[in-house]
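**Student:** To be precise about what I am sending: the file is called coords_0.pdb and holds PDB, C-alpha atoms and all ligand atoms.
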```pdb
MODEL        1
ATOM      1  CA  MET B 471    -154.923  20.595  -6.254
ATOM      2  CA  ALA B 472    -157.112  18.951  -8.893
ATOM      3  CA  GLU B 473    -155.253  17.308 -11.756
ATOM      4  CA  GLN B 474    -155.224  19.380 -14.925
ATOM      5  CA  VAL B 475    -156.512  17.097 -17.669
ATOM      6  CA  LEU B 476    -156.613  19.493 -20.591
ATOM      7  CA  THR B 477    -155.242  22.976 -21.081
ATOM      8  CA  THR B 478    -155.305  24.925 -24.314
ATOM      9  CA  ARG B 479    -153.677  28.312 -24.737
ATOM     10  CA  GLY B 480    -154.287  30.560 -27.702
ATOM     11  CA  LEU B 481    -155.572  27.593 -29.693
ATOM     12  CA  THR B 482    -156.354  28.901 -33.160
ATOM     13  CA  LYS B 483    -157.436  27.433 -36.467
ATOM     14  CA  ARG B 484    -157.621  29.509 -39.611
ATOM     15  CA  TYR B 485    -159.155  28.312 -42.856
ATOM     16  CA  GLY B 486    -158.004  30.877 -45.384
ATOM     17  CA  HIS B 487    -159.124  34.199 -43.899
ATOM     18  CA  ALA B 488    -161.792  32.599 -41.715
ATOM     19  CA  LEU B 489    -161.044  31.948 -38.057
ATOM     20  CA  ALA B 490    -162.768  28.700 -37.061
ATOM     21  CA  ALA B 491    -161.189  28.865 -33.590
ATOM     22  CA  ASP B 492    -159.790  32.107 -32.254
ATOM     23  CA  HIS B 493    -157.277  31.911 -29.398
ATOM     24  CA  ILE B 494    -159.181  29.421 -27.276
ATOM     25  CA  ASN B 495    -158.091  28.957 -23.661
ATOM     26  CA  LEU B 496    -159.716  25.900 -22.101
ATOM     27  CA  ASP B 497    -159.045  24.449 -18.662
ATOM     28  CA  LEU B 498    -160.431  21.057 -17.697
ATOM     29  CA  GLU B 499    -159.744  19.502 -14.340
ATOM     30  CA  ARG B 500    -160.106  15.850 -13.514
ATOM     31  CA  GLY B 501    -163.720  14.796 -12.987
ATOM     32  CA  GLN B 502    -165.272  17.772 -14.751
ATOM     33  CA  ILE B 503    -167.974  17.461 -17.379
ATOM     34  CA  TYR B 504    -167.342  20.446 -19.624
ATOM     35  CA  GLY B 505    -170.151  21.467 -21.975
ATOM     36  CA  LEU B 506    -168.953  23.304 -25.068
ATOM     37  CA  VAL B 507    -171.975  25.164 -26.366
ATOM     38  CA  GLY B 508    -172.321  26.992 -29.666
ATOM     39  CA  ARG B 509    -174.499  27.131 -32.751
ATOM     40  CA  ASN B 510    -173.717  25.174 -35.889
ATOM     41  CA  GLY B 511    -170.491  26.473 -37.354
ATOM     42  CA  ALA B 512    -169.350  28.106 -34.093
ATOM     43  CA  GLY B 513    -166.128  26.105 -34.049
ATOM     44  CA  LYS B 514    -166.828  23.237 -31.635
ATOM     45  CA  THR B 515    -165.790  20.414 -33.966
ATOM     46  CA  THR B 516    -162.648  22.273 -34.983
ATOM     47  CA  ILE B 517    -161.581  22.649 -31.342
ATOM     48  CA  ILE B 518    -162.203  18.975 -30.592
ATOM     49  CA  ARG B 519    -160.408  17.877 -33.770
ATOM     50  CA  MET B 520    -157.349  19.902 -32.765
ATOM     51  CA  ILE B 521    -157.329  18.249 -29.341
ATOM     52  CA  THR B 522    -157.544  14.790 -30.905
ATOM     53  CA  ALA B 523    -154.846  15.729 -33.446
ATOM     54  CA  GLN B 524    -157.205  15.124 -36.362
ATOM     55  CA  THR B 525    -156.395  18.627 -37.517
ATOM     56  CA  THR B 526    -153.330  20.777 -36.897
ATOM     57  CA  PRO B 527    -153.712  24.087 -35.063
ATOM     58  CA  THR B 528    -152.596  27.196 -36.918
ATOM     59  CA  GLU B 529    -151.348  28.575 -33.607
ATOM     60  CA  GLY B 530    -151.453  27.852 -29.909
ATOM     61  CA  ASP B 531    -150.729  25.082 -27.434
ATOM     62  CA  ILE B 532    -152.475  22.007 -26.126
ATOM     63  CA  SER B 533    -151.426  20.120 -23.032
ATOM     64  CA  LEU B 534    -152.985  16.780 -22.104
ATOM     65  CA  PHE B 535    -152.520  15.615 -18.506
ATOM     66  CA  GLY B 536    -149.831  18.232 -17.946
ATOM     67  CA  ALA B 537    -147.701  17.070 -20.897
ATOM     68  CA  GLN B 538    -145.098  19.431 -22.323
ATOM     69  CA  GLY B 539    -144.499  19.344 -26.043
ATOM     70  CA  GLU B 540    -145.997  17.368 -28.878
ATOM     71  CA  ARG B 541    -144.102  14.135 -28.233
ATOM     72  CA  GLU B 542    -145.355  13.846 -24.646
ATOM     73  CA  ASN B 543    -148.847  14.937 -25.720
ATOM     74  CA  ALA B 544    -148.900  12.233 -28.361
ATOM     75  CA  ARG B 545    -148.209   9.671 -25.626
ATOM     76  CA  MET B 546    -150.966  11.130 -23.438
ATOM     77  CA  ARG B 547    -153.455  10.870 -26.301
ATOM     78  CA  ALA B 548    -153.600   7.141 -25.514
ATOM     79  CA  ARG B 549    -155.489   8.215 -22.377
ATOM     80  CA  THR B 550    -158.199   9.919 -24.415
ATOM     81  CA  GLY B 551    -161.205   8.567 -26.281
ATOM     82  CA  ALA B 552    -163.216  10.520 -28.812
ATOM     83  CA  MET B 553    -166.444  10.403 -30.715
ATOM     84  CA  VAL B 554    -166.215  13.135 -33.308
ATOM     85  CA  GLU B 555    -167.936  11.977 -36.437
ATOM     86  CA  THR B 556    -170.265   8.987 -36.405
ATOM     87  CA  PRO B 557    -167.786   6.163 -36.919
ATOM     88  CA  SER B 558    -168.443   3.864 -39.854
ATOM     89  CA  PHE B 559    -169.712   0.572 -38.565
ATOM     90  CA  TYR B 560    -170.399  -2.493 -40.691
ATOM     91  CA  PRO B 561    -174.151  -2.739 -41.303
ATOM     92  CA  TYR B 562    -174.328  -6.538 -41.221
ATOM     93  CA  LEU B 563    -172.184  -6.996 -38.101
ATOM     94  CA  ASN B 564    -173.643  -6.801 -34.601
ATOM     95  CA  ALA B 565    -172.381  -4.500 -31.828
ATOM     96  CA  ARG B 566    -169.840  -6.966 -30.468
ATOM     97  CA  GLN B 567    -168.461  -7.878 -33.916
ATOM     98  CA  ASN B 568    -168.110  -4.232 -34.897
ATOM     99  CA  LEU B 569    -166.202  -3.415 -31.723
ATOM    100  CA  GLU B 570    -164.040  -6.513 -32.045
ATOM    101  CA  TYR B 571    -163.072  -5.376 -35.558
ATOM    102  CA  TYR B 572    -161.943  -1.979 -34.214
ATOM    103  CA  ARG B 573    -160.235  -3.518 -31.187
ATOM    104  CA  ILE B 574    -157.988  -5.591 -33.438
ATOM    105  CA  GLN B 575    -157.454  -2.751 -35.881
ATOM    106  CA  ARG B 576    -156.405  -0.397 -33.093
ATOM    107  CA  GLY B 577    -154.324  -2.978 -31.279
ATOM    108  CA  ILE B 578    -156.242  -2.704 -28.011
ATOM    109  CA  PRO B 579    -155.242  -5.693 -25.877
ATOM    110  CA  GLY B 580    -157.709  -8.030 -24.137
ATOM    111  CA  ARG B 581    -160.982  -9.320 -25.529
ATOM    112  CA  ASN B 582    -162.745  -8.136 -22.364
ATOM    113  CA  ALA B 583    -162.202  -4.552 -23.609
ATOM    114  CA  VAL B 584    -165.185  -5.138 -25.907
ATOM    115  CA  ASP B 585    -167.439  -6.481 -23.147
ATOM    116  CA  GLU B 586    -166.495  -3.673 -20.791
ATOM    117  CA  ALA B 587    -167.167  -1.047 -23.464
ATOM    118  CA  LEU B 588    -170.539  -2.606 -24.345
ATOM    119  CA  GLU B 589    -171.476  -2.631 -20.706
ATOM    120  CA  ALA B 590    -170.397   0.979 -20.112
ATOM    121  CA  ALA B 591    -172.449   2.083 -23.132
ATOM    122  CA  GLY B 592    -175.529   0.112 -22.074
ATOM    123  CA  LEU B 593    -175.402  -2.239 -25.051
ATOM    124  CA  THR B 594    -175.062  -5.652 -23.460
ATOM    125  CA  ASP B 595    -178.441  -6.924 -24.618
ATOM    126  CA  THR B 596    -178.345  -6.202 -28.344
ATOM    127  CA  GLY B 597    -177.389  -9.820 -29.101
ATOM    128  CA  THR B 598    -177.077 -10.686 -32.769
ATOM    129  CA  LYS B 599    -178.989  -7.665 -34.041
ATOM    130  CA  PRO B 600    -177.021  -6.210 -36.980
ATOM    131  CA  PHE B 601    -175.975  -2.563 -36.837
ATOM    132  CA  LYS B 602    -178.285  -1.669 -39.739
ATOM    133  CA  HIS B 603    -181.297  -2.389 -37.501
ATOM    134  CA  PHE B 604    -180.081  -0.216 -34.636
ATOM    135  CA  SER B 605    -182.072   2.841 -33.539
ATOM    136  CA  LEU B 606    -180.241   6.191 -33.605
ATOM    137  CA  GLY B 607    -179.825   5.968 -29.818
ATOM    138  CA  MET B 608    -178.187   2.548 -30.139
ATOM    139  CA  LYS B 609    -175.915   3.789 -32.924
ATOM    140  CA  GLN B 610    -174.782   6.694 -30.771
ATOM    141  CA  ARG B 611    -174.169   4.343 -27.866
ATOM    142  CA  LEU B 612    -172.068   2.082 -30.076
ATOM    143  CA  GLY B 613    -170.030   5.151 -31.028
ATOM    144  CA  LEU B 614    -169.609   5.823 -27.315
ATOM    145  CA  ALA B 615    -168.597   2.191 -26.688
ATOM    146  CA  LEU B 616    -165.924   2.538 -29.364
ATOM    147  CA  ALA B 617    -164.581   5.692 -27.722
ATOM    148  CA  LEU B 618    -164.475   3.847 -24.381
ATOM    149  CA  MET B 619    -162.604   0.748 -25.488
ATOM    150  CA  ASN B 620    -159.251   1.974 -24.212
ATOM    151  CA  ARG B 621    -160.812   3.066 -20.870
ATOM    152  CA  PRO B 622    -159.964   6.746 -21.459
ATOM    153  CA  ASP B 623    -159.418   9.245 -18.657
ATOM    154  CA  LEU B 624    -160.602  12.031 -20.956
ATOM    155  CA  LEU B 625    -163.589  11.536 -23.237
ATOM    156  CA  LEU B 626    -164.242  13.997 -26.071
ATOM    157  CA  LEU B 627    -167.740  13.893 -27.546
ATOM    158  CA  ASP B 628    -168.847  16.067 -30.441
ATOM    159  CA  GLU B 629    -172.635  16.534 -30.494
ATOM    160  CA  PRO B 630    -173.367  12.968 -29.348
ATOM    161  CA  ILE B 631    -176.924  13.854 -28.340
ATOM    162  CA  ASN B 632    -177.798  15.463 -31.660
ATOM    163  CA  GLY B 633    -181.015  13.985 -33.050
ATOM    164  CA  LEU B 634    -181.830  11.745 -30.081
ATOM    165  CA  ASP B 635    -185.388  11.712 -28.748
ATOM    166  CA  PRO B 636    -185.971  12.886 -25.153
ATOM    167  CA  GLU B 637    -185.731   9.334 -23.815
ATOM    168  CA  GLY B 638    -182.499   8.756 -25.733
ATOM    169  CA  ILE B 639    -181.079  11.996 -24.324
ATOM    170  CA  VAL B 640    -181.835  10.917 -20.750
ATOM    171  CA  GLU B 641    -180.293   7.469 -21.341
ATOM    172  CA  PHE B 642    -177.146   8.923 -22.890
ATOM    173  CA  ARG B 643    -176.831  11.484 -20.118
ATOM    174  CA  ASN B 644    -177.146   8.777 -17.456
ATOM    175  CA  LEU B 645    -174.424   6.699 -19.105
ATOM    176  CA  LEU B 646    -172.075   9.669 -19.032
ATOM    177  CA  LEU B 647    -172.906  10.497 -15.420
ATOM    178  CA  LYS B 648    -172.200   6.897 -14.434
ATOM    179  CA  LEU B 649    -168.832   6.905 -16.232
ATOM    180  CA  ASN B 650    -167.939  10.167 -14.593
ATOM    181  CA  ARG B 651    -168.951   8.884 -11.170
ATOM    182  CA  ASP B 652    -167.518   5.362 -11.361
ATOM    183  CA  ARG B 653    -164.306   6.023 -13.261
ATOM    184  CA  GLN B 654    -163.821   9.769 -12.656
ATOM    185  CA  THR B 655    -163.732  10.124 -16.455
ATOM    186  CA  THR B 656    -163.356  13.772 -17.438
ATOM    187  CA  ILE B 657    -165.704  14.630 -20.290
ATOM    188  CA  LEU B 658    -165.727  17.385 -22.891
ATOM    189  CA  ILE B 659    -169.071  17.339 -24.693
ATOM    190  CA  SER B 660    -170.319  19.746 -27.327
ATOM    191  CA  SER B 661    -173.862  20.684 -28.212
ATOM    192  CA  HIS B 662    -175.726  23.442 -30.004
ATOM    193  CA  ILE B 663    -178.586  23.137 -27.506
ATOM    194  CA  LEU B 664    -177.622  24.251 -24.029
ATOM    195  CA  SER B 665    -180.579  22.578 -22.318
ATOM    196  CA  GLU B 666    -179.428  19.178 -23.636
ATOM    197  CA  LEU B 667    -176.457  19.487 -21.333
ATOM    198  CA  ALA B 668    -178.465  20.591 -18.291
ATOM    199  CA  ASN B 669    -178.137  18.203 -15.322
ATOM    200  CA  LEU B 670    -174.960  16.888 -16.904
ATOM    201  CA  ALA B 671    -172.286  19.548 -17.377
ATOM    202  CA  THR B 672    -170.471  20.864 -14.323
ATOM    203  CA  CYS B 673    -169.004  23.714 -16.327
ATOM    204  CA  TYR B 674    -169.884  25.424 -19.611
ATOM    205  CA  GLY B 675    -167.891  27.171 -22.301
ATOM    206  CA  PHE B 676    -169.931  29.315 -24.696
ATOM    207  CA  ILE B 677    -168.496  29.688 -28.141
ATOM    208  CA  ASP B 678    -169.562  31.801 -31.091
ATOM    209  CA  HIS B 679    -167.729  32.609 -34.318
ATOM    210  CA  GLY B 680    -164.685  30.746 -33.042
ATOM    211  CA  VAL B 681    -164.463  32.841 -29.866
ATOM    212  CA  LEU B 682    -164.882  31.443 -26.366
ATOM    213  CA  LEU B 683    -167.206  34.078 -24.941
ATOM    214  CA  GLU B 684    -167.506  32.802 -21.392
ATOM    215  CA  GLN B 685    -166.595  29.874 -19.142
ATOM    216  CA  ILE B 686    -168.936  29.438 -16.227
ATOM    217  CA  SER B 687    -169.667  26.743 -13.654
ATOM    218  CA  ALA B 688    -173.063  25.045 -13.796
ATOM    219  CA  ALA B 689    -173.809  26.260 -10.277
ATOM    220  CA  ARG B 690    -173.067  29.864 -11.199
ATOM    221  CA  LEU B 691    -175.077  29.579 -14.406
ATOM    222  CA  SER B 692    -178.161  28.264 -12.680
ATOM    223  CA  GLU B 693    -177.816  31.042 -10.130
ATOM    224  CA  LYS B 694    -177.661  33.586 -12.962
ATOM    225  CA  CYS B 695    -180.719  31.982 -14.544
ATOM    226  CA  ARG B 696    -182.777  31.952 -11.349
ATOM    227  CA  ALA B 697    -186.070  33.778 -11.474
ATOM    228  CA  CYS B 698    -185.708  37.185  -9.810
ATOM    229  CA  LEU B 699    -186.976  40.725  -9.557
ATOM    230  CA  GLU B 700    -184.518  43.082 -11.179
ATOM    231  CA  LEU B 701    -184.524  46.389  -9.323
ATOM    232  CA  ARG B 702    -183.219  49.560 -10.977
ATOM    233  CA  VAL B 703    -182.350  52.032  -8.269
ATOM    234  CA  ASP B 704    -180.365  55.242  -7.775
ATOM    235  CA  ASP B 705    -178.328  53.840  -4.876
ATOM    236  CA  ALA B 706    -177.839  50.081  -4.712
ATOM    237  CA  ALA B 707    -176.006  50.170  -1.381
ATOM    238  CA  LYS B 708    -178.881  51.993   0.279
ATOM    239  CA  ALA B 709    -181.427  49.701  -1.405
ATOM    240  CA  ALA B 710    -179.495  46.642  -0.174
ATOM    241  CA  ARG B 711    -179.756  47.946   3.407
ATOM    242  CA  VAL B 712    -183.518  48.379   3.014
ATOM    243  CA  LEU B 713    -183.880  44.845   1.689
ATOM    244  CA  GLU B 714    -181.924  43.440   4.621
ATOM    245  CA  GLU B 715    -183.423  45.570   7.367
ATOM    246  CA  ASP B 716    -187.006  46.191   6.274
ATOM    247  CA  LEU B 717    -187.719  43.101   4.177
ATOM    248  CA  ALA B 718    -185.468  40.750   6.158
ATOM    249  CA  THR B 719    -183.911  39.144   3.077
ATOM    250  CA  ARG B 720    -180.335  38.497   2.042
ATOM    251  CA  ASP B 721    -181.282  36.556  -1.050
ATOM    252  CA  PHE B 722    -180.183  39.206  -3.533
ATOM    253  CA  GLU B 723    -177.187  40.201  -5.608
ATOM    254  CA  VAL B 724    -175.903  43.700  -6.284
ATOM    255  CA  LEU B 725    -174.922  43.690  -9.962
ATOM    256  CA  SER B 726    -173.891  47.318 -10.276
ATOM    257  CA  PRO B 727    -174.384  50.606  -8.338
ATOM    258  CA  SER B 728    -177.849  50.793  -9.897
ATOM    259  CA  VAL B 729    -179.023  47.196 -10.389
ATOM    260  CA  ILE B 730    -180.002  44.574  -7.812
ATOM    261  CA  ARG B 731    -181.360  41.099  -8.430
ATOM    262  CA  LEU B 732    -183.737  40.014  -5.723
ATOM    263  CA  TYR B 733    -184.485  36.293  -5.573
ATOM    264  CA  SER B 734    -187.055  36.436  -2.778
ATOM    265  CA  HIS B 735    -190.418  38.290  -2.721
ATOM    266  CA  LEU B 736    -191.111  37.200  -6.322
ATOM    267  CA  ASP B 737    -194.835  37.218  -5.703
ATOM    268  CA  ARG B 738    -194.751  40.474  -3.699
ATOM    269  CA  PRO B 739    -193.223  43.166  -5.940
ATOM    270  CA  GLY B 740    -195.597  45.761  -4.443
ATOM    271  CA  GLU B 741    -194.168  45.202  -0.967
ATOM    272  CA  VAL B 742    -190.629  45.655  -2.312
ATOM    273  CA  THR B 743    -191.543  48.843  -4.161
ATOM    274  CA  ARG B 744    -193.236  50.312  -1.085
ATOM    275  CA  ALA B 745    -190.327  49.556   1.244
ATOM    276  CA  LEU B 746    -187.749  51.068  -1.096
ATOM    277  CA  VAL B 747    -189.772  54.190  -1.895
ATOM    278  CA  GLU B 748    -190.662  54.798   1.757
ATOM    279  CA  ALA B 749    -186.952  54.613   2.628
ATOM    280  CA  GLY B 750    -186.214  57.273   0.002
ATOM    281  CA  VAL B 751    -184.562  55.039  -2.604
ATOM    282  CA  GLY B 752    -185.078  56.277  -6.181
ATOM    283  CA  LEU B 753    -186.649  53.340  -7.991
ATOM    284  CA  SER B 754    -187.039  53.381 -11.774
ATOM    285  CA  ALA B 755    -188.044  49.761 -12.445
ATOM    286  CA  VAL B 756    -189.018  46.474 -10.798
ATOM    287  CA  GLU B 757    -188.906  43.791 -13.489
ATOM    288  CA  PRO B 758    -189.604  40.115 -12.994
ATOM    289  CA  GLN B 759    -186.993  38.064 -14.847
ATOM    290  CA  GLY B 760    -186.985  34.345 -15.404
ATOM    291  CA  ALA B 761    -184.121  33.778 -17.798
ATOM    292  CA  ASN B 762    -183.866  30.150 -18.763
ATOM    293  CA  LEU B 763    -180.649  28.539 -19.940
ATOM    294  CA  GLU B 764    -181.407  28.994 -23.620
ATOM    295  CA  ASP B 765    -182.254  32.689 -23.160
ATOM    296  CA  TYR B 766    -178.997  33.170 -21.331
ATOM    297  CA  PHE B 767    -177.023  31.695 -24.213
ATOM    298  CA  LEU B 768    -178.927  33.710 -26.821
ATOM    299  CA  GLY B 769    -178.400  36.851 -24.756
ATOM    300  CA  LEU B 770    -174.679  36.140 -24.678
ATOM    301  CA  ILE B 771    -174.309  35.660 -28.418
ATOM    302  CA  GLY B 772    -176.558  38.620 -29.169
ATOM    303  CA  GLY B 773    -179.829  36.977 -30.185
ATOM    304  CA  VAL B 774    -181.009  34.505 -32.771
ATOM    305  CA  HIS B 775    -180.520  36.809 -35.734
ATOM    306  CA  HIS B 776    -176.910  37.568 -34.996
ATOM    307  CA  ALA B 777    -175.212  37.049 -38.403
TER     308      ALA B 777
HETATM  309  P1  LIG B 801    -171.275  22.052 -36.470
HETATM  310  O1  LIG B 801    -172.027  21.621 -35.270
HETATM  311  O2  LIG B 801    -172.156  22.551 -37.575
HETATM  312  O3  LIG B 801    -170.234  21.083 -36.940
HETATM  313  P2  LIG B 801    -169.195  23.519 -35.200
HETATM  314  O4  LIG B 801    -169.447  24.448 -34.074
HETATM  315  O5  LIG B 801    -168.649  22.189 -34.869
HETATM  316  O6  LIG B 801    -170.519  23.367 -36.036
HETATM  317  P3  LIG B 801    -167.007  23.735 -37.014
HETATM  318  O7  LIG B 801    -167.384  22.506 -37.774
HETATM  319  O8  LIG B 801    -165.842  23.652 -36.121
HETATM  320  O9  LIG B 801    -168.239  24.273 -36.199
HETATM  321  O10 LIG B 801    -166.761  24.895 -38.077
HETATM  322  C1  LIG B 801    -166.319  26.197 -37.714
HETATM  323  C2  LIG B 801    -166.124  27.002 -38.960
HETATM  324  O11 LIG B 801    -165.012  26.516 -39.692
HETATM  325  C3  LIG B 801    -167.292  26.964 -39.911
HETATM  326  O12 LIG B 801    -167.452  28.245 -40.473
HETATM  327  C4  LIG B 801    -166.870  25.972 -40.961
HETATM  328  O13 LIG B 801    -167.469  26.269 -42.200
HETATM  329  C5  LIG B 801    -165.373  26.185 -41.004
HETATM  330  N1  LIG B 801    -164.651  24.944 -41.384
HETATM  331  C6  LIG B 801    -164.639  23.799 -40.694
HETATM  332  N2  LIG B 801    -163.852  22.872 -41.309
HETATM  333  C7  LIG B 801    -163.381  23.465 -42.431
HETATM  334  C8  LIG B 801    -162.522  23.041 -43.487
HETATM  335  N3  LIG B 801    -161.985  21.821 -43.502
HETATM  336  N4  LIG B 801    -162.249  23.927 -44.457
HETATM  337  C9  LIG B 801    -162.765  25.168 -44.432
HETATM  338  N5  LIG B 801    -163.581  25.641 -43.469
HETATM  339  C10 LIG B 801    -163.887  24.796 -42.475
ENDMDL
END
```
The structure in this file should be written as structure tokens.

**Tutor:**
Amino acid sequence: MAEQVLTTRGLTKRYGHALAADHINLDLERGQIYGLVGRNGAGKTTIIRMITAQTTPTEGDISLFGAQGERENARMRARTGAMVETPSFYPYLNARQNLEYYRIQRGIPGRNAVDEALEAAGLTDTGTKPFKHFSLGMKQRLGLALALMNRPDLLLLDEPINGLDPEGIVEFRNLLLKLNRDRQTTILISSHILSELANLATCYGFIDHGVLLEQISAARLSEKCRACLELRVDDAAKAARVLEEDLATRDFEVLSPSVIRLYSHLDRPGEVTRALVEAGVGLSAVEPQGANLEDYFLGLIGGVHHA
């Protein structure tokens, strides 16, 4: 069985009457890259800050690496690294000097911790350039290097891709994939743009108004977002037989007794209509659908104008 890296149960944070996080149940297994997706103010930072013990939950439990109780959890926190707010780096110090400062301050043993972290964050060639001359991408990577200095087994990243240009996003994503592959680092990463996490996350949690609306694997999500013909019929079982026998396809999904998603025949809706009608299936609609990731998320939270 895969090692449970993080479990939260009923994790709740209340600010006055407002619920910033409302009974959140998260499950992260070793090696997963979990994308926490929600608009600004949805509660992502609050959840991550509770996991890192930067803020105290109002209610609920957190278990890191199977730990029971706060004392054991506190010990396990040494196996985590986090990038929550942009850390304050010294503008006139270079990447190595900044990390060395934090290494000493945090009591992380071994000077090679700095070199390893710079390497893992793709910052080995920044030389003597002071932090104040870094691009945003370099600044974010230095934040990542700082979070990696203790070689964490669980990495928590709050909106690390925010504001990066497309090239910066690809670079950052590749660094995370490499860490995940080479060190089996489990990663929890938040974003308000679902597509930023595409080709990275292996699992998604969608959050809105402090509520975790859905957890879904990346494979299942891309299946749900595949282009299809949505068929509205009076008898899905009968329609499914027609698809298999007359159209020789099994590439469909029966969503309910009256809705089928057909992933084949996308360019031949007329052929599908004819076969179903000729077999006596009542057909009220054949609609091409090509939901992309962003549409899926907006559909889930009820549209852009949801207050
Ligand atoms: P963003 O990306 O904008 O940071 P988020 O999804 O991370 O959004 P949070 O920062 O967790 O969201 O905020 C969730 C809600 O909790 C918001 O309504 C926010 O105003 C509120 N909140 C967060 N921190 C505090 C605080 N210290 N005091 C009062 N309310 C807070």

**Student:** Select from chain B every residue with an atom at most 6 Å from any atom of ligand LIG 801 (chain B), then for each give the shortest pair of atoms and their distance in Å to one decimal, using all atoms listed in the file, rows by chain and rising number, as a tab-separated table.

**Tutor:**
```
residue	atom	partner	partner_atom	distance
B:Tyr485	CA	B:LIG801	C9	5.0
B:Ala490	CA	B:LIG801	O11	4.1
B:Gly508	CA	B:LIG801	O4	5.8
B:Arg509	CA	B:LIG801	O4	5.9
B:Asn510	CA	B:LIG801	O2	3.5
B:Gly511	CA	B:LIG801	O9	3.4
B:Ala512	CA	B:LIG801	O4	3.7
B:Gly513	CA	B:LIG801	O8	3.2
B:Lys514	CA	B:LIG801	O4	3.8
B:Thr515	CA	B:LIG801	O5	3.5
B:Thr516	CA	B:LIG801	O8	3.7
```

**Student:** Give as a ChimeraX atom specification every residue, naming chains and numbers as the document does, that has an atom within 10 Å of (-177.7, -9.9, -34.9), counting all atoms listed in the file.

**Tutor:** /B:562-567,596-604

**Student:** Let me know the residues the PyMOL selection byres (((chain B and resi 574-589) around 10) and not hetatm) catches in the file above, as a list of chain:residue names.

**Tutor:**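 On the file shown, the PyMOL selection byres (((chain B and resi 574-589) around 10) and not hetatm) covers B:Ala565, B:Arg566, B:Gln567, B:Asn568, B:Leu569, B:Glu570, B:Tyr571, B:Tyr572, B:Arg573, B:Ala590, B:Ala591, B:Gly592, B:Leu593, B:Thr594, B:Asp595, B:Thr596, B:Arg611, B:Leu612, B:Leu614, B:Ala615, B:Leu616, B:Ala617, B:Leu618, B:Met619, B:Asn620, B:Arg621, B:Leu645.
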
**Student:** Separation of atom CA of Ala668 of chain B and atom CA of Tyr733 of chain B, in Å?

**Tutor:**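 According to the coordinates, atom CA of Ala668 of chain B and atom CA of Tyr733 of chain B are separated by 21.1 Å.
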
**Student:** When distances are computed from all atoms listed in the file, which of B:Asn632, B:Leu670, B:Ser726, B:Leu682 shows the smallest separation from Arg479 of chain B?

**Tutor:**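 Checking each of B:Asn632, B:Leu670, B:Ser726, B:Leu682 against Arg479 of chain B, counting all atoms listed in the file, the winner is B:Leu682.
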
**Student:** Which of these residues is nearest to Asp705 of chain B, using only C-alpha atoms: B:Ile494, B:Val751, B:Ala689, B:Val724?

**Tutor:**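 Closest to Asp705 of chain B, using only C-alpha atoms: B:Val751.
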
**Student:** One decimal, Å: what's the distance from atom CA of Val640 of chain B over to atom CA of Gly769 of chain B, could you say?

**Tutor:**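 According to the coordinates, atom CA of Val640 of chain B and atom CA of Gly769 of chain B are separated by 26.5 Å.
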
**Student:** Enumerate, as number ranges by chain, the protein, DNA and RNA residues whose atoms approach (-173.1, 25.1, -15.5) to within 10 Å, taking into account only C-alpha atoms and the coordinate frame of the file.

**Tutor:** B: 503-505, 664, 667-675, 685-694, 763

**Student:** Give me, as a PDB file with C-alpha atoms, keeping the file's coordinate frame, all polymer residues having an atom no more than 12 Å from Ile639 of chain B, counting all atoms listed in the file and skipping those fewer than 4 positions away in the same chain.

**Tutor:**
```pdb
ATOM      1  CA  LEU B 606    -180.241   6.191 -33.605  1.00  0.00           C
ATOM      2  CA  GLY B 607    -179.825   5.968 -29.818  1.00  0.00           C
ATOM      3  CA  MET B 608    -178.187   2.548 -30.139  1.00  0.00           C
ATOM      4  CA  GLN B 610    -174.782   6.694 -30.771  1.00  0.00           C
ATOM      5  CA  ARG B 611    -174.169   4.343 -27.866  1.00  0.00           C
ATOM      6  CA  GLU B 629    -172.635  16.534 -30.494  1.00  0.00           C
ATOM      7  CA  PRO B 630    -173.367  12.968 -29.348  1.00  0.00           C
ATOM      8  CA  ILE B 631    -176.924  13.854 -28.340  1.00  0.00           C
ATOM      9  CA  ASN B 632    -177.798  15.463 -31.660  1.00  0.00           C
ATOM     10  CA  GLY B 633    -181.015  13.985 -33.050  1.00  0.00           C
ATOM     11  CA  LEU B 634    -181.830  11.745 -30.081  1.00  0.00           C
ATOM     12  CA  ASP B 635    -185.388  11.712 -28.748  1.00  0.00           C
ATOM     13  CA  ARG B 643    -176.831  11.484 -20.118  1.00  0.00           C
ATOM     14  CA  ASN B 644    -177.146   8.777 -17.456  1.00  0.00           C
ATOM     15  CA  LEU B 645    -174.424   6.699 -19.105  1.00  0.00           C
ATOM     16  CA  LEU B 646    -172.075   9.669 -19.032  1.00  0.00           C
ATOM     17  CA  SER B 661    -173.862  20.684 -28.212  1.00  0.00           C
ATOM     18  CA  ILE B 663    -178.586  23.137 -27.506  1.00  0.00           C
ATOM     19  CA  SER B 665    -180.579  22.578 -22.318  1.00  0.00           C
ATOM     20  CA  GLU B 666    -179.428  19.178 -23.636  1.00  0.00           C
ATOM     21  CA  LEU B 667    -176.457  19.487 -21.333  1.00  0.00           C
ATOM     22  CA  ALA B 668    -178.465  20.591 -18.291  1.00  0.00           C
ATOM     23  CA  ASN B 669    -178.137  18.203 -15.322  1.00  0.00           C
ATOM     24  CA  LEU B 670    -174.960  16.888 -16.904  1.00  0.00           C
TER      25      LEU B 670
END
```

**Student:** Return as JSON the centre and edge lengths, in Å with one decimal, of the box along x, y and z that encloses every atom of segment 723-731 of chain B in the file, padded by 4 Å per side.

**Tutor:**
```
{"center_x": -177.6, "center_y": 45.5, "center_z": -8.0, "size_x": 15.5, "size_y": 18.6, "size_z": 12.8}
```

**Student:** Take the PyMOL selection byres (((chain B and resi 484) around 10) and not hetatm), run it mentally on this structure, and tell me the resulting residues as JSON, numbers by chain.

**Tutor:** {"B": [482, 483, 485, 486, 487, 488, 489, 490, 491, 492, 516, 527, 528, 529, 680]}
